[in-house]
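Below is target.cif, holding mmCIF, C-alpha atoms.
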data_target
loop_
_atom_site.label_atom_id
_atom_site.label_comp_id
_atom_site.auth_asym_id
_atom_site.auth_seq_id
_atom_site.Cartn_x
_atom_site.Cartn_y
_atom_site.Cartn_z
CA MET O 1 2.05 -21.35 16.30
CA ASN O 2 -0.02 -22.58 13.36
CA TRP O 3 -1.24 -20.00 10.90
CA ILE O 4 -4.41 -20.33 8.83
CA PHE O 5 -3.83 -19.53 5.16
CA LEU O 6 -7.05 -18.49 3.42
CA SER O 7 -7.05 -19.10 -0.33
CA LYS O 8 -10.24 -18.50 -2.29
CA GLY O 9 -11.12 -21.81 -3.90
CA LYS O 10 -7.60 -22.83 -2.86
CA GLU O 11 -6.52 -21.09 -6.06
CA ASP O 12 -4.75 -17.97 -4.78
CA PRO O 13 -1.16 -18.58 -6.01
CA TYR O 14 0.51 -16.24 -3.52
CA ILE O 15 -1.33 -17.58 -0.48
CA ASN O 16 -0.66 -21.11 -1.70
CA ASP O 17 3.06 -20.39 -2.10
CA PHE O 18 3.19 -18.83 1.35
CA ALA O 19 1.38 -21.79 2.91
CA SER O 20 3.67 -24.26 1.14
CA GLY O 21 6.74 -22.43 2.39
CA CYS O 22 5.41 -22.76 5.93
CA GLY O 23 4.63 -26.46 5.59
CA ALA O 24 0.88 -25.80 5.71
CA GLN O 25 -2.14 -26.48 3.53
CA PRO O 26 -4.30 -23.54 2.41
CA ILE O 27 -7.93 -23.42 3.48
CA ASP O 28 -10.68 -22.40 1.10
CA SER O 29 -11.92 -19.01 2.27
CA ASN O 30 -15.37 -19.89 0.90
CA THR O 31 -15.81 -22.66 3.49
CA PHE O 32 -13.63 -21.25 6.31
CA ASN O 33 -15.20 -21.29 9.77
CA TYR O 34 -13.83 -18.41 11.81
CA ASN O 35 -14.73 -20.08 15.11
CA ASP O 36 -12.89 -23.35 14.49
CA SER O 37 -9.73 -21.96 16.12
CA ASP O 38 -8.13 -18.76 17.32
CA ASN O 39 -4.89 -19.15 15.34
CA PRO O 40 -3.57 -16.20 13.32
CA ILE O 41 -5.16 -15.84 9.89
CA VAL O 42 -3.28 -15.05 6.69
CA LEU O 43 -5.46 -13.47 4.01
CA ARG O 44 -4.95 -11.52 0.82
CA GLY O 45 -7.05 -8.73 -0.61
CA ILE O 46 -9.11 -5.95 0.85
CA LEU O 47 -12.39 -7.68 0.01
CA LYS O 48 -11.86 -10.00 3.00
CA LYS O 49 -13.56 -7.19 4.90
CA LYS O 50 -15.77 -9.25 7.21
CA ILE O 51 -12.88 -11.37 8.47
CA ILE O 52 -10.59 -8.38 8.97
CA TYR O 53 -13.20 -6.43 10.90
CA LYS O 54 -14.01 -9.50 13.00
CA CYS O 55 -10.31 -9.95 13.82
CA TRP O 56 -10.12 -6.31 14.89
CA GLU O 57 -13.22 -6.73 17.04
CA ASP O 58 -11.83 -9.86 18.73
CA ALA O 59 -8.22 -8.64 18.94
CA ARG O 60 -7.25 -11.71 16.92
CA ASP O 61 -3.95 -11.65 15.06
CA PHE O 62 -4.06 -11.69 11.27
CA TYR O 63 -1.58 -11.08 8.47
CA TYR O 64 -2.80 -9.08 5.52
CA MET O 65 -1.19 -9.60 2.10
CA ASP O 66 -1.41 -7.27 -0.86
CA THR O 67 0.74 -5.73 -3.57
CA GLY O 68 4.21 -4.60 -2.49
CA TYR O 69 5.21 -0.96 -2.37
CA PHE O 70 8.00 -1.17 -4.93
CA GLY O 71 9.75 -3.75 -7.07
CA ASN O 72 6.73 -4.57 -9.25
CA GLU O 73 7.16 -1.70 -11.69
CA GLN O 74 8.23 -2.26 -15.28
CA THR O 75 12.02 -2.41 -15.49
CA LYS O 76 14.62 -4.13 -17.67
CA SER O 77 14.70 -7.03 -15.22
CA ASN O 78 10.88 -7.09 -14.96
CA PRO O 79 9.61 -5.87 -18.36
CA ASN O 80 6.07 -7.13 -17.75
CA GLY O 81 5.78 -5.62 -14.29
CA TRP O 82 4.97 -8.96 -12.68
CA LYS O 83 3.92 -8.86 -9.03
CA TYR O 84 7.03 -10.35 -7.49
CA TRP O 85 6.76 -8.39 -4.23
CA HIS O 86 3.95 -8.54 -1.70
CA ARG O 87 3.51 -6.58 1.48
CA ILE O 88 2.48 -8.50 4.58
CA VAL O 89 1.11 -6.44 7.45
CA LYS O 90 0.27 -7.69 10.92
CA ASN O 91 -3.18 -6.62 12.10
CA ASP O 92 -3.58 -3.81 9.59
CA LEU O 93 -3.78 -3.06 5.86
CA GLN O 94 -0.68 -0.89 5.60
CA HIS O 95 2.56 -0.42 7.47
CA GLY O 96 2.27 2.62 9.70
CA GLU O 97 4.82 4.41 11.81
CA ILE O 98 8.46 3.94 10.87
CA ILE O 99 10.24 1.07 12.61
CA LYS O 100 14.03 1.26 12.50
CA ARG O 101 15.37 -1.36 10.08
CA PRO O 102 18.71 -2.20 8.48
CA GLY O 103 19.33 -0.79 5.03
CA ASP O 104 20.19 -4.02 3.22
CA ARG O 105 16.79 -4.82 1.75
CA PHE O 106 16.06 -1.27 0.64
CA SER O 107 19.52 -0.83 -0.88
CA ALA O 108 18.98 -3.96 -2.99
CA PHE O 109 16.20 -2.15 -4.89
CA ASN O 110 18.62 0.62 -5.90
CA LYS O 111 15.81 3.16 -5.54
CA ARG O 112 16.48 6.87 -5.11
CA PHE O 113 14.34 9.67 -3.75
CA LYS O 114 14.11 12.52 -6.22
CA PRO O 115 14.62 16.00 -4.73
CA TRP O 116 11.42 17.66 -3.58
CA ASN O 117 9.80 19.55 -6.46
CA LYS O 118 8.31 22.76 -5.07
CA LYS O 119 7.65 24.46 -8.40
CA GLY O 120 4.48 22.67 -9.46
CA ARG O 121 1.17 24.45 -9.72
CA LYS O 122 -1.73 21.98 -9.51
CA ILE O 123 -3.13 19.57 -6.96
CA LEU O 124 -3.47 16.00 -8.21
CA ILE O 125 -6.09 13.79 -6.55
CA ALA O 126 -5.51 10.05 -6.90
CA ALA O 127 -9.02 8.71 -6.33
CA PRO O 128 -9.46 5.33 -4.63
CA ASP O 129 -10.85 2.47 -6.67
CA GLU O 130 -13.86 0.29 -6.00
CA LYS O 131 -12.29 -2.14 -3.52
CA PRO O 132 -11.13 0.32 -0.83
CA CYS O 133 -14.40 2.22 -1.23
CA LYS O 134 -16.27 -0.96 -0.32
CA PHE O 135 -13.92 -1.70 2.58
CA TYR O 136 -14.18 1.74 4.15
CA GLY O 137 -17.82 2.37 3.20
CA ILE O 138 -17.03 5.28 0.91
CA ASP O 139 -19.16 6.63 -1.91
CA LEU O 140 -16.50 7.49 -4.51
CA GLU O 141 -18.27 10.39 -6.18
CA LYS O 142 -19.16 11.93 -2.83
CA TRP O 143 -15.56 11.49 -1.63
CA ILE O 144 -14.22 13.25 -4.72
CA GLU O 145 -16.74 16.06 -4.39
CA GLU O 146 -16.01 16.60 -0.70
CA THR O 147 -12.24 16.37 -1.16
CA VAL O 148 -12.24 18.88 -4.00
CA GLY O 149 -14.49 21.17 -1.96
CA THR O 150 -12.19 21.03 1.06
CA ILE O 151 -9.09 21.75 -1.04
CA LYS O 152 -10.80 24.75 -2.66
CA GLN O 153 -11.39 26.22 0.80
CA HIS O 154 -7.64 26.48 1.31
CA THR O 155 -6.11 27.12 -2.11
CA ASP O 156 -6.92 28.51 -5.53
CA ARG O 157 -4.61 26.06 -7.28
CA PRO O 158 -6.07 24.06 -10.17
CA ILE O 159 -7.23 20.58 -9.17
CA GLU O 160 -7.05 17.48 -11.33
CA VAL O 161 -8.73 14.17 -10.44
CA ARG O 162 -7.00 11.00 -11.59
CA ARG O 163 -9.09 7.85 -11.57
CA ARG O 164 -7.28 4.55 -11.38
CA ASP O 165 -7.42 2.44 -14.53
CA LYS O 166 -9.08 -0.92 -13.86
CA LEU O 167 -6.67 -2.80 -16.12
CA ARG O 168 -3.07 -3.07 -14.91
CA GLN O 169 -1.77 -2.91 -18.46
CA ALA O 170 -3.56 0.42 -18.96
CA ARG O 171 -1.85 1.72 -15.82
CA PHE O 172 1.50 0.86 -17.40
CA GLN O 173 0.53 2.84 -20.48
CA HIS O 174 -0.50 5.86 -18.41
CA PRO O 175 1.79 5.68 -15.36
CA LEU O 176 1.39 7.88 -12.34
CA SER O 177 5.04 8.89 -12.64
CA THR O 178 4.20 10.68 -15.90
CA ALA O 179 1.21 12.45 -14.38
CA LEU O 180 3.31 13.62 -11.44
CA LYS O 181 5.73 15.34 -13.80
CA ASP O 182 2.90 17.45 -15.24
CA ASP O 183 3.16 20.58 -13.09
CA VAL O 184 2.02 18.89 -9.85
CA PHE O 185 2.50 20.67 -6.52
CA ALA O 186 1.05 17.97 -4.24
CA LEU O 187 -0.78 14.66 -4.41
CA VAL O 188 -3.93 13.97 -2.41
CA THR O 189 -5.07 10.37 -2.02
CA TYR O 190 -6.92 8.03 0.29
CA ASN O 191 -5.19 4.70 0.82
CA SER O 192 -3.48 4.22 -2.54
CA ASN O 193 0.10 3.07 -3.12
CA ALA O 194 0.20 6.15 -5.35
CA ALA O 195 1.27 7.99 -2.21
CA VAL O 196 4.45 5.92 -1.97
CA GLU O 197 5.29 6.47 -5.63
CA SER O 198 4.65 10.20 -5.29
CA ILE O 199 7.12 10.52 -2.41
CA PHE O 200 9.81 8.81 -4.48
CA GLU O 201 9.04 11.19 -7.35
CA GLY O 202 9.60 14.20 -5.09
CA ILE O 203 5.96 15.28 -4.86
CA PRO O 204 4.59 15.77 -1.32
CA VAL O 205 1.50 13.87 -0.26
CA PHE O 206 -1.69 14.20 1.76
CA THR O 207 -3.20 10.85 2.82
CA LEU O 208 -6.79 10.67 4.04
CA ALA O 209 -7.32 7.00 4.93
CA PRO O 210 -7.07 5.76 8.53
CA THR O 211 -3.85 4.00 7.51
CA ASN O 212 -1.48 4.60 4.61
CA ALA O 213 2.11 3.51 4.13
CA ALA O 214 3.14 7.08 3.28
CA SER O 215 1.56 8.64 6.37
CA PRO O 216 4.88 8.94 8.29
CA VAL O 217 6.24 11.19 5.54
CA ALA O 218 3.01 12.96 4.59
CA LEU O 219 0.21 15.07 6.07
CA LYS O 220 -3.50 14.38 6.56
CA ASP O 221 -4.83 17.89 7.16
CA LEU O 222 -5.98 19.46 3.86
CA SER O 223 -6.08 22.88 5.49
CA LYS O 224 -2.29 22.73 5.15
CA ILE O 225 -2.40 22.07 1.41
CA GLU O 226 -0.25 25.15 0.75
CA ASN O 227 2.37 23.93 3.21
CA PRO O 228 3.07 20.25 2.52
CA TYR O 229 5.48 18.16 4.54
CA TYR O 230 8.92 17.76 2.99
CA ALA O 231 10.60 15.02 5.01
CA ASP O 232 14.39 15.22 5.25
CA GLU O 233 16.72 12.68 3.63
CA ASP O 234 17.34 10.74 6.82
CA LYS O 235 13.66 10.22 7.50
CA LEU O 236 12.96 9.25 3.90
CA TYR O 237 15.74 6.68 4.01
CA ALA O 238 14.47 5.24 7.31
CA TRP O 239 10.98 5.06 5.81
CA GLY O 240 12.28 3.25 2.71
CA CYS O 241 14.11 0.71 4.88
CA HIS O 242 10.98 0.22 6.96
CA LEU O 243 8.83 -0.53 3.89
CA ALA O 244 11.45 -2.84 2.40
CA TYR O 245 11.26 -4.99 5.52
CA GLY O 246 7.48 -5.16 5.22
CA GLN O 247 7.33 -6.69 1.75
CA PHE O 248 8.53 -10.04 0.49
CA HIS O 249 9.54 -11.62 -2.82
CA ILE O 250 7.56 -14.65 -3.95
CA SER O 251 10.70 -16.74 -3.44
CA GLU O 252 10.67 -15.71 0.24
CA LEU O 253 7.07 -16.85 0.52
CA LYS O 254 7.96 -20.24 -0.96
CA THR O 255 10.94 -20.88 1.31
CA GLY O 256 9.32 -19.77 4.56
CA LYS O 257 11.74 -16.86 4.95
CA ALA O 258 8.84 -14.40 4.98
CA LYS O 259 7.22 -16.14 7.95
CA ARG O 260 10.52 -16.30 9.84
CA MET O 261 11.09 -12.59 9.31
CA LEU O 262 7.56 -11.70 10.36
CA GLU O 263 7.92 -13.72 13.56
CA GLU O 264 11.17 -11.90 14.35
CA GLN O 265 9.68 -8.44 13.92
#
Would you write out, as structure tokens, the structure that this file holds?
Amino acid sequence: MNWIFLSKGKEDPYINDFASGCGAQPIDSNTFNYNDSDNPIVLRGILKKKIIYKCWEDARDFYYMDTGYFGNEQTKSNPNGWKYWHRIVKNDLQHGEIIKRPGDRFSAFNKRFKPWNKKGRKILIAAPDEKPCKFYGIDLEKWIEETVGTIKQHTDRPIEVRRRDKLRQARFQHPLSTALKDDVFALVTYNSNAAVESIFEGIPVFTLAPTNAASPVALKDLSKIENPYYADEDKLYAWGCHLAYGQFHISELKTGKAKRMLEEQ
């Protein structure tokens, strides 16, 4: 089945690489006509809101690309934190319930789950940035106010709001991992990948978006803020394997391996 690869101005490098690996030519999203065919659409970025919502309405298959869950952080092998890994999700923005996967891809990252830290005091809110707010129709300041208000109904713990730096380099200078070590009891977020990082750091999470990759190992109900969910080691490992099979290295986009794996899932 032919896939339609939408690349804004035909200049999106990741979409272009993916299309090339599949023997296809990207289509400029600025001139794309949704009604020209009913083939699956590949698109990147949450601002493709109209197309995504239209696909949902018509039950049309699409593949959503965005930043991977892990592997893009600054390390010795990736000192600049380049975006080598990209998640690709069929018919949604995030991978949801855990699907049983082999452990080979996850093991290759050599990532470890830190033990759950139950000694922290404060609640850290990782506020969504502008793009998801536009997608979900959220007023950021109102969301923060309402979220803080709900948490205060169920705990007297101090609450800290962390706003996402717009510049990626600034996020490297003030990483979430450092903030999570500062006496944090639980993280509350909307749709952010911060939830995934928090789980790896041993801090339990509450996710409030309709879909979040961390939802299988987190809670949504803020009335339970004093009793977070601490998933056991087996479930965390299964979750890690699941996410590892939902993201792909740029080399796998270029060779067509990503498409083959997606078609097998």
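Distances to Gly103 in chain O were evaluated for O:Asp38, O:Asp156, O:Asp234, O:Asp221 using all atoms listed in the file, and the minimum falls at O:Asp234.
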Once the PyMOL selection byres ((chain O and resi 109) around 9) has been evaluated on this model, what residues remain selected, and can you format them as a CSV table (one decimal) with C-alpha atoms, keeping the file's coordinate frame?
chain,number,residue,atom,x,y,z
O,70,PHE,CA,8.0,-1.2,-4.9
O,71,GLY,CA,9.8,-3.8,-7.1
O,105,ARG,CA,16.8,-4.8,1.8
O,106,PHE,CA,16.1,-1.3,0.6
O,107,SER,CA,19.5,-0.8,-0.9
O,108,ALA,CA,19.0,-4.0,-3.0
O,110,ASN,CA,18.6,0.6,-5.9
O,111,LYS,CA,15.8,3.2,-5.5
O,244,ALA,CA,11.4,-2.8,2.4
Report, in Å with one decimal, the straight-line distance from CA of Gln153 in chain O to CA of Asn227 in chain O.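 Interatomic distance here is 14.2 Å.
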List the residues selected by the PyMOL selection byres ((chain O and resi 41) around 12) in the file shown, writing them as an MDAnalysis selection string. chainID O and resid 1:7 15 19 26:27 29 32:40 42:44 48 51:52 54:56 59:65 88:91
Between CA of Lys8 in chain O and CA of Glu197 in chain O lies a distance of 29.6 Å
Go ahead and compute the interatomic distance for CA of Thr147 in chain O and CA of Arg121 in chain O, in Å to one decimal.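 About the pair CA of Thr147 in chain O and CA of Arg121 in chain O: they are 17.8 Å apart.
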List the neighbours of range 126-130 of chain O out to 7 Å using all atoms listed in the file; skip same-chain residues closer than 2 positions along the sequence, and give me the result as a list in words.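 That gives Leu124, Pro132, Cys133, Lys134, Val161, Arg162, Arg163, Arg164, Val188, Thr189, Tyr190, Asn191 and Ser192 of chain O.
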Skip Ala195 in chain O itself and residues of its chain fewer than 5 positions away, then list as a PyMOL selection string all residues within 9 Å of it, counting all atoms listed in the file. chain O and resi 126+187-190+200+204-207+212-215+218
The residues within 12 Å of (14.0, 11.1, 6.8), using all atoms listed in the file and the coordinates of the file, should be reported as a compact mmCIF listing (two decimals) with C-alpha atoms, in the coordinates of the input; which are they?
# COMPACT_ATOMS: atom_id res chain seq x y z
CA ILE O 98 8.46 3.94 10.87
CA LYS O 100 14.03 1.26 12.50
CA PHE O 113 14.34 9.67 -3.75
CA ILE O 199 7.12 10.52 -2.41
CA PRO O 216 4.88 8.94 8.29
CA VAL O 217 6.24 11.19 5.54
CA ALA O 218 3.01 12.96 4.59
CA TYR O 229 5.48 18.16 4.54
CA TYR O 230 8.92 17.76 2.99
CA ALA O 231 10.60 15.02 5.01
CA ASP O 232 14.39 15.22 5.25
CA GLU O 233 16.72 12.68 3.63
CA ASP O 234 17.34 10.74 6.82
CA LYS O 235 13.66 10.22 7.50
CA LEU O 236 12.96 9.25 3.90
CA TYR O 237 15.74 6.68 4.01
CA ALA O 238 14.47 5.24 7.31
CA TRP O 239 10.98 5.06 5.81
CA GLY O 240 12.28 3.25 2.71
CA CYS O 241 14.11 0.71 4.88
CA HIS O 242 10.98 0.22 6.96
Spell out the residues picked by the PyMOL selection byres ((chain O and resi 82) around 12) here, as an MDAnalysis selection string. chainID O and resid 67:68 70:81 83:86 168:169 172 249:250
For Thr150 in chain O, list every protein, DNA or RNA residue within 10 Å, evaluated using only C-alpha atoms, and leave out those in the same chain fewer than 4 positions away; present the list as a list in words.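 The filter keeps Ile144, Glu145, Glu146, His154, Thr155, Leu222, Ser223 and Ile225 of chain O.
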